[in-house]
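Structure data follow from run26.cif (mmCIF, C-alpha atoms):
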```cif
data_work
loop_
_atom_site.group_PDB
_atom_site.id
_atom_site.type_symbol
_atom_site.label_atom_id
_atom_site.label_comp_id
_atom_site.auth_asym_id
_atom_site.auth_seq_id
_atom_site.Cartn_x
_atom_site.Cartn_y
_atom_site.Cartn_z
ATOM 1 C CA MET A 1 115.926 87.771 75.600
ATOM 2 C CA LEU A 2 115.355 87.409 71.847
ATOM 3 C CA GLY A 3 112.793 84.684 72.500
ATOM 4 C CA LEU A 4 110.477 87.018 74.429
ATOM 5 C CA ASP A 5 107.372 88.320 72.742
ATOM 6 C CA VAL A 6 106.821 92.045 72.462
ATOM 7 C CA CYS A 7 104.342 92.287 75.358
ATOM 8 C CA GLU A 8 106.555 90.404 77.775
ATOM 9 C CA PHE A 9 109.598 92.454 76.809
ATOM 10 C CA GLY A 10 107.635 95.674 77.178
ATOM 11 C CA GLY A 11 106.522 94.599 80.630
ATOM 12 C CA GLN A 12 110.117 94.051 81.731
ATOM 13 C CA VAL A 13 111.110 97.463 80.435
ATOM 14 C CA LEU A 14 108.330 99.053 82.486
ATOM 15 C CA GLU A 15 109.548 97.224 85.582
ATOM 16 C CA LEU A 16 113.088 98.493 85.042
ATOM 17 C CA LEU A 17 111.735 102.019 84.664
ATOM 18 C CA TRP A 18 109.822 101.554 87.929
ATOM 19 C CA LEU A 19 112.996 100.459 89.727
ATOM 20 C CA THR A 20 114.886 103.397 88.285
ATOM 21 C CA MET A 21 112.249 105.719 89.755
ATOM 22 C CA CYS A 22 112.710 104.088 93.165
ATOM 23 C CA TYR A 23 116.461 104.442 92.892
ATOM 24 C CA LYS A 24 116.137 108.144 92.164
ATOM 25 C CA GLY A 25 113.891 108.492 95.193
ATOM 26 C CA LEU A 26 116.529 106.892 97.409
ATOM 27 C CA MET A 27 119.265 109.315 96.374
ATOM 28 C CA ALA A 28 120.014 111.923 99.017
ATOM 29 C CA ASP A 29 120.470 114.852 96.658
ATOM 30 C CA LYS A 30 117.847 115.130 93.959
ATOM 31 C CA LYS A 31 117.058 117.924 91.533
ATOM 32 C CA ASP A 32 113.476 118.846 92.377
ATOM 33 C CA VAL A 33 111.330 120.588 89.818
ATOM 34 C CA ARG A 34 109.206 123.651 90.505
ATOM 35 C CA ILE A 35 106.264 123.609 88.135
ATOM 36 C CA GLU A 36 103.226 125.784 87.818
ATOM 37 C CA ALA A 37 100.371 123.599 89.046
ATOM 38 C CA GLU A 38 98.017 124.252 86.164
ATOM 39 C CA GLU A 39 100.690 123.288 83.589
ATOM 40 C CA ASP A 40 102.580 120.368 85.174
ATOM 41 C CA ASP A 41 100.556 117.411 83.850
ATOM 42 C CA ARG A 42 100.139 118.918 80.409
ATOM 43 C CA ASN A 43 103.836 119.698 79.909
ATOM 44 C CA LEU A 44 105.283 116.528 81.422
ATOM 45 C CA ASN A 45 102.934 114.237 79.442
ATOM 46 C CA TYR A 46 103.635 111.637 82.117
ATOM 47 C CA ILE A 47 101.875 108.246 82.312
ATOM 48 C CA ALA A 48 102.092 106.523 85.700
ATOM 49 C CA PRO A 49 103.496 102.949 85.695
ATOM 50 C CA VAL A 50 101.266 100.060 86.727
ATOM 51 C CA GLN A 51 101.249 99.768 90.514
ATOM 52 C CA LYS A 52 102.964 96.634 91.863
ATOM 53 C CA SER A 53 103.723 95.562 95.407
ATOM 54 C CA LEU A 54 107.284 95.126 96.673
ATOM 55 C CA ASP A 55 106.846 91.358 96.800
ATOM 56 C CA GLU A 56 105.649 91.271 93.188
ATOM 57 C CA ILE A 57 108.674 93.267 92.043
ATOM 58 C CA ARG A 58 111.042 91.029 94.007
ATOM 59 C CA GLN A 59 109.588 87.916 92.321
ATOM 60 C CA LEU A 60 110.185 89.236 88.799
ATOM 61 C CA ASP A 61 113.265 88.027 86.857
ATOM 62 C CA LYS A 62 114.428 85.733 89.659
ATOM 63 C CA ASP A 63 116.820 84.002 87.229
ATOM 64 C CA ASP A 64 118.664 87.235 86.458
ATOM 65 C CA GLU A 65 121.281 87.355 89.227
ATOM 66 C CA SER A 66 122.480 90.892 88.480
ATOM 67 C CA LEU A 67 118.945 92.274 88.434
ATOM 68 C CA VAL A 68 118.088 90.432 91.657
ATOM 69 C CA LYS A 69 121.090 92.017 93.388
ATOM 70 C CA TYR A 70 120.148 95.405 91.988
ATOM 71 C CA LYS A 71 116.619 95.082 93.360
ATOM 72 C CA GLN A 72 117.910 93.913 96.735
ATOM 73 C CA THR A 73 120.090 97.026 96.931
ATOM 74 C CA LEU A 74 117.130 99.280 96.207
ATOM 75 C CA LEU A 75 114.305 97.448 97.933
ATOM 76 C CA GLY A 76 115.957 95.306 100.594
ATOM 77 C CA THR A 77 115.363 91.576 100.937
ATOM 78 C CA GLU A 78 112.309 91.579 103.178
ATOM 79 C CA THR A 79 109.148 93.638 103.549
ATOM 80 C CA MET A 80 109.179 95.719 106.707
ATOM 81 C CA PRO A 81 106.434 94.907 109.216
ATOM 82 C CA ALA A 82 103.974 97.779 109.391
ATOM 83 C CA ASP A 83 100.615 98.419 110.999
ATOM 84 C CA PRO A 84 97.990 98.068 108.220
ATOM 85 C CA ALA A 85 95.883 100.668 110.011
ATOM 86 C CA VAL A 86 98.609 103.270 109.481
ATOM 87 C CA ALA A 87 98.761 105.150 106.178
ATOM 88 C CA ASN A 88 101.409 103.970 103.738
ATOM 89 C CA VAL A 89 102.750 107.536 103.461
ATOM 90 C CA GLN A 90 102.899 109.671 106.609
ATOM 91 C CA VAL A 91 103.921 113.286 106.048
ATOM 92 C CA THR A 92 105.189 114.500 109.415
ATOM 93 C CA ARG A 93 106.649 117.995 108.954
ATOM 94 C CA LEU A 94 106.991 120.877 106.541
ATOM 95 C CA THR A 95 109.740 123.371 107.346
ATOM 96 C CA LEU A 96 110.561 126.725 105.792
ATOM 97 C CA LEU A 97 114.337 127.167 105.908
ATOM 98 C CA CYS A 98 115.679 130.711 105.616
ATOM 99 C CA ASP A 99 119.140 131.891 106.617
ATOM 100 C CA GLU A 100 117.740 135.276 107.644
ATOM 101 C CA ALA A 101 114.924 133.927 109.807
ATOM 102 C CA PRO A 102 115.346 134.002 113.608
ATOM 103 C CA GLU A 103 114.630 130.241 113.602
ATOM 104 C CA PRO A 104 113.257 127.560 111.257
ATOM 105 C CA ILE A 105 109.523 127.810 110.668
ATOM 106 C CA THR A 106 108.066 124.325 111.076
ATOM 107 C CA MET A 107 104.562 122.928 110.728
ATOM 108 C CA ASP A 108 103.914 119.703 112.657
ATOM 109 C CA LEU A 109 101.629 117.620 110.429
ATOM 110 C CA THR A 110 101.084 114.730 112.830
ATOM 111 C CA GLY A 111 98.503 116.393 115.062
ATOM 112 C CA ASP A 112 95.311 118.395 114.607
ATOM 113 C CA LEU A 113 95.702 119.937 111.153
ATOM 114 C CA SER A 114 92.769 122.282 111.689
ATOM 115 C CA ALA A 115 94.812 124.041 114.387
ATOM 116 C CA LEU A 116 97.311 125.189 111.736
ATOM 117 C CA LYS A 117 94.585 127.260 110.108
ATOM 118 C CA GLU A 118 94.103 129.184 113.355
ATOM 119 C CA LYS A 119 97.754 130.279 113.505
ATOM 120 C CA THR A 120 99.490 132.892 111.380
ATOM 121 C CA LEU A 121 103.180 132.676 110.471
ATOM 122 C CA SER A 122 105.264 135.792 109.926
ATOM 123 C CA LEU A 123 107.484 136.133 106.845
ATOM 124 C CA LYS A 124 109.831 138.943 105.860
ATOM 125 C CA GLU A 125 109.477 140.303 102.345
ATOM 126 C CA GLY A 126 112.186 139.624 99.771
ATOM 127 C CA VAL A 127 113.962 136.769 101.565
ATOM 128 C CA THR A 128 114.965 133.496 99.894
ATOM 129 C CA TYR A 129 113.914 130.180 101.421
ATOM 130 C CA ARG A 130 113.643 126.448 100.810
ATOM 131 C CA LEU A 131 110.877 124.065 101.824
ATOM 132 C CA LYS A 132 111.995 120.892 103.591
ATOM 133 C CA MET A 133 109.627 117.928 103.727
ATOM 134 C CA HIS A 134 109.736 115.020 106.161
ATOM 135 C CA PHE A 135 107.727 111.880 105.451
ATOM 136 C CA LYS A 136 107.758 108.153 106.088
ATOM 137 C CA VAL A 137 106.895 105.340 103.688
ATOM 138 C CA ASN A 138 105.673 102.289 105.583
ATOM 139 C CA ARG A 139 104.702 99.355 103.354
ATOM 140 C CA GLU A 140 104.758 99.849 99.585
ATOM 141 C CA ILE A 141 106.545 102.075 97.093
ATOM 142 C CA VAL A 142 104.986 105.500 96.678
ATOM 143 C CA ALA A 143 105.351 106.692 93.099
ATOM 144 C CA GLY A 144 105.247 110.269 91.855
ATOM 145 C CA LEU A 145 104.907 111.971 95.220
ATOM 146 C CA ARG A 146 104.175 115.681 94.747
ATOM 147 C CA TYR A 147 103.663 118.691 96.961
ATOM 148 C CA HIS A 148 101.198 121.366 95.846
ATOM 149 C CA HIS A 149 100.073 124.647 97.321
ATOM 150 C CA VAL A 150 97.724 127.412 96.286
ATOM 151 C CA THR A 151 98.201 130.849 97.829
ATOM 152 C CA SER A 152 95.410 133.409 97.920
ATOM 153 C CA ARG A 153 94.877 136.926 99.258
ATOM 154 C CA LYS A 154 91.446 138.389 99.943
ATOM 155 C CA GLY A 155 89.890 135.432 98.116
ATOM 156 C CA ILE A 156 91.984 135.889 94.958
ATOM 157 C CA THR A 157 94.530 133.230 93.933
ATOM 158 C CA VAL A 158 97.974 134.808 93.603
ATOM 159 C CA ASP A 159 100.234 131.734 93.272
ATOM 160 C CA LYS A 160 100.009 128.042 92.363
ATOM 161 C CA VAL A 161 103.046 125.822 92.772
ATOM 162 C CA SER A 162 103.794 122.110 92.456
ATOM 163 C CA HIS A 163 107.052 120.364 93.415
ATOM 164 C CA MET A 164 107.797 116.863 92.144
ATOM 165 C CA VAL A 165 109.173 115.108 95.228
ATOM 166 C CA GLY A 166 109.829 111.708 93.632
ATOM 167 C CA SER A 167 109.278 107.986 94.183
ATOM 168 C CA TYR A 168 110.318 106.284 97.413
ATOM 169 C CA CYS A 169 110.612 102.822 98.911
ATOM 170 C CA PRO A 170 109.655 101.910 102.478
ATOM 171 C CA LYS A 171 112.282 102.272 105.191
ATOM 172 C CA GLU A 172 112.380 102.676 108.944
ATOM 173 C CA GLU A 173 113.762 106.220 108.879
ATOM 174 C CA GLU A 174 111.970 109.288 107.596
ATOM 175 C CA HIS A 175 112.764 110.608 104.138
ATOM 176 C CA GLU A 176 113.860 114.256 103.964
ATOM 177 C CA VAL A 177 113.548 116.300 100.780
ATOM 178 C CA LEU A 178 114.640 119.881 100.080
ATOM 179 C CA CYS A 179 112.809 121.890 97.429
ATOM 180 C CA PRO A 180 114.591 124.393 95.188
ATOM 181 C CA VAL A 181 115.299 127.910 96.436
ATOM 182 C CA ASP A 182 112.350 130.281 96.155
ATOM 183 C CA GLU A 183 111.884 133.975 96.970
ATOM 184 C CA VAL A 184 109.233 135.811 98.961
ATOM 185 C CA PRO A 185 107.736 138.813 97.090
ATOM 186 C CA ARG A 186 108.716 142.324 98.197
ATOM 187 C CA GLY A 187 107.143 145.743 98.081
ATOM 188 C CA LEU A 188 104.437 147.742 99.814
ATOM 189 C CA MET A 189 101.664 146.271 97.671
ATOM 190 C CA THR A 190 102.624 142.677 98.496
ATOM 191 C CA ARG A 191 102.499 143.067 102.277
ATOM 192 C CA GLY A 192 99.493 141.649 104.037
ATOM 193 C CA HIS A 193 97.697 138.459 105.027
ATOM 194 C CA TYR A 194 97.725 135.313 102.869
ATOM 195 C CA GLN A 195 95.959 131.955 103.004
ATOM 196 C CA VAL A 196 97.597 128.748 101.724
ATOM 197 C CA LYS A 197 96.064 125.388 100.858
ATOM 198 C CA SER A 198 98.680 122.617 100.754
ATOM 199 C CA HIS A 199 98.429 118.957 99.856
ATOM 200 C CA PHE A 200 100.509 115.928 98.871
ATOM 201 C CA THR A 201 99.453 113.610 96.041
ATOM 202 C CA ASP A 202 100.784 110.500 94.307
ATOM 203 C CA ASP A 203 100.789 109.225 90.717
ATOM 204 C CA ASP A 204 97.198 108.068 91.033
ATOM 205 C CA LYS A 205 96.060 111.564 92.067
ATOM 206 C CA ASN A 206 95.303 110.352 95.577
ATOM 207 C CA THR A 207 95.473 113.119 98.170
ATOM 208 C CA LEU A 208 97.761 111.763 100.890
ATOM 209 C CA LEU A 209 97.483 114.793 103.146
ATOM 210 C CA GLY A 210 95.877 118.210 102.918
ATOM 211 C CA TRP A 211 95.767 121.213 105.237
ATOM 212 C CA GLU A 212 95.391 125.003 105.309
ATOM 213 C CA TRP A 213 97.632 127.611 106.896
ATOM 214 C CA ASN A 214 98.205 131.372 106.918
ATOM 215 C CA PHE A 215 101.043 133.848 106.884
ATOM 216 C CA ASP A 216 101.552 137.598 107.117
ATOM 217 C CA LEU A 217 104.062 139.135 104.731
ATOM 218 C CA ASN A 218 105.777 142.005 106.590
ATOM 219 C CA LYS A 219 108.605 144.455 106.152
ATOM 220 C CA ASP A 220 110.508 142.674 108.949
ATOM 221 C CA TRP A 221 110.277 139.422 110.895
ATOM 222 C CA ASN A 222 109.070 140.970 114.155
ATOM 223 C CA GLU A 223 106.169 143.028 112.832
#
```

Hey, can you dump this file as structure tokens for me?
Amino acid sequence: MLGLDVCEFGGQVLELLWLTMCYKGLMADKKDVRIEAEEDDRNLNYIAPVQKSLDEIRQLDKDDESLVKYKQTLLGTETMPADPAVANVQVTRLTLLCDEAPEPITMDLTGDLSALKEKTLSLKEGVTYRLKMHFKVNREIVAGLRYHHVTSRKGITVDKVSHMVGSYCPKEEEHEVLCPVDEVPRGLMTRGHYQVKSHFTDDDKNTLLGWEWNFDLNKDWNE
């Protein structure tokens, strides 16, 4: 280790940080962060790591037995076969979970996304809820996955939110992530019709999926 030059040592540190990010993404219970969208990049001062494929990461430090075992635990030993025509990240569902709701409110994101804009969901004022995201990673690690939405009413933006979802490795099963608890506004002045623009991005600011949807904020669920 002492014989390494500074650049080589720095490169290994970055790779270990990358693996740590993947490990955090694999944990079942993570502490998600709710950040105001216009402030998240400025406050976090985050620089994305250099993108590397799974095979490249597996080939690094092959003489370090403990690190090899650590990487095998996180990444597996072989790359999963995947259709190259299919997106690396497939977001399949977004669900609003609320104990007071008659049933979970789910948006299927695998079909015609434009159809979601034609429907209007009904929400009760003042209730607490959590967003649950379902997505699949097919070939390579996705780093810095985030969910964003902008809510507007009568053309005026009333809320901007960003949730850091995390970094995830490919696997056959879908990943499921719960966002922190949030609360629907209450009061006569808040009731009405809202439009929402949602999208998922990664560390490179690529938009992985984007769609629009609507909801009515009512005094009760059945209005």

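The coordinates place CA of Trp221 (chain A) at 15.0 Å from CA of Leu188 (chain A).
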
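Across the chains present, the PyMOL selection byres ((chain A and resi 178) around 7) applied to this file returns Arg130, Leu131, Lys132, Met133, Glu176, Val177, Cys179 and Pro180 of chain A.
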
Contact table region 91-172 of chain A vs region 195-205 of chain A, cut-off 6 Å, shortest pair per residue, all atoms listed in the file, as JSON lines:
```
{"residue": "A:Ala143", "atom": "CA", "partner": "A:Asp203", "partner_atom": "CA", "distance": 5.7}
{"residue": "A:Gly144", "atom": "CA", "partner": "A:Asp203", "partner_atom": "CA", "distance": 4.7}
{"residue": "A:Leu145", "atom": "CA", "partner": "A:Asp202", "partner_atom": "CA", "distance": 4.5}
{"residue": "A:Arg146", "atom": "CA", "partner": "A:Thr201", "partner_atom": "CA", "distance": 5.3}
{"residue": "A:Tyr147", "atom": "CA", "partner": "A:Phe200", "partner_atom": "CA", "distance": 4.6}
{"residue": "A:His148", "atom": "CA", "partner": "A:His199", "partner_atom": "CA", "distance": 5.4}
{"residue": "A:His149", "atom": "CA", "partner": "A:Ser198", "partner_atom": "CA", "distance": 4.2}
{"residue": "A:Val150", "atom": "CA", "partner": "A:Lys197", "partner_atom": "CA", "distance": 5.3}
{"residue": "A:Thr151", "atom": "CA", "partner": "A:Val196", "partner_atom": "CA", "distance": 4.5}
{"residue": "A:Ser152", "atom": "CA", "partner": "A:Gln195", "partner_atom": "CA", "distance": 5.3}
```

message: Since I can't run it myself right now, could you work out what the PyMOL selection byres ((chain A and resi 215) around 7) selects here and report it as JSON, numbers by chain?
response: {"A": [120, 121, 122, 123, 193, 194, 195, 214, 216, 217]}

- request: Convert the output of the PyMOL selection byres ((chain A and resi 183) around 12) on the shown file into explicit residues, formatted as a ChimeraX atom specification.
  value: /A:96-98,123-131,180-182,184-186

- request: Could you check how far CA of Leu113 (chain A) sits from CA of Val89 (chain A), in Å to one decimal?
  value: 16.2 Å

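Distance-wise, CA of Asp83 (chain A) and CA of Cys169 (chain A) end up 16.3 Å apart.
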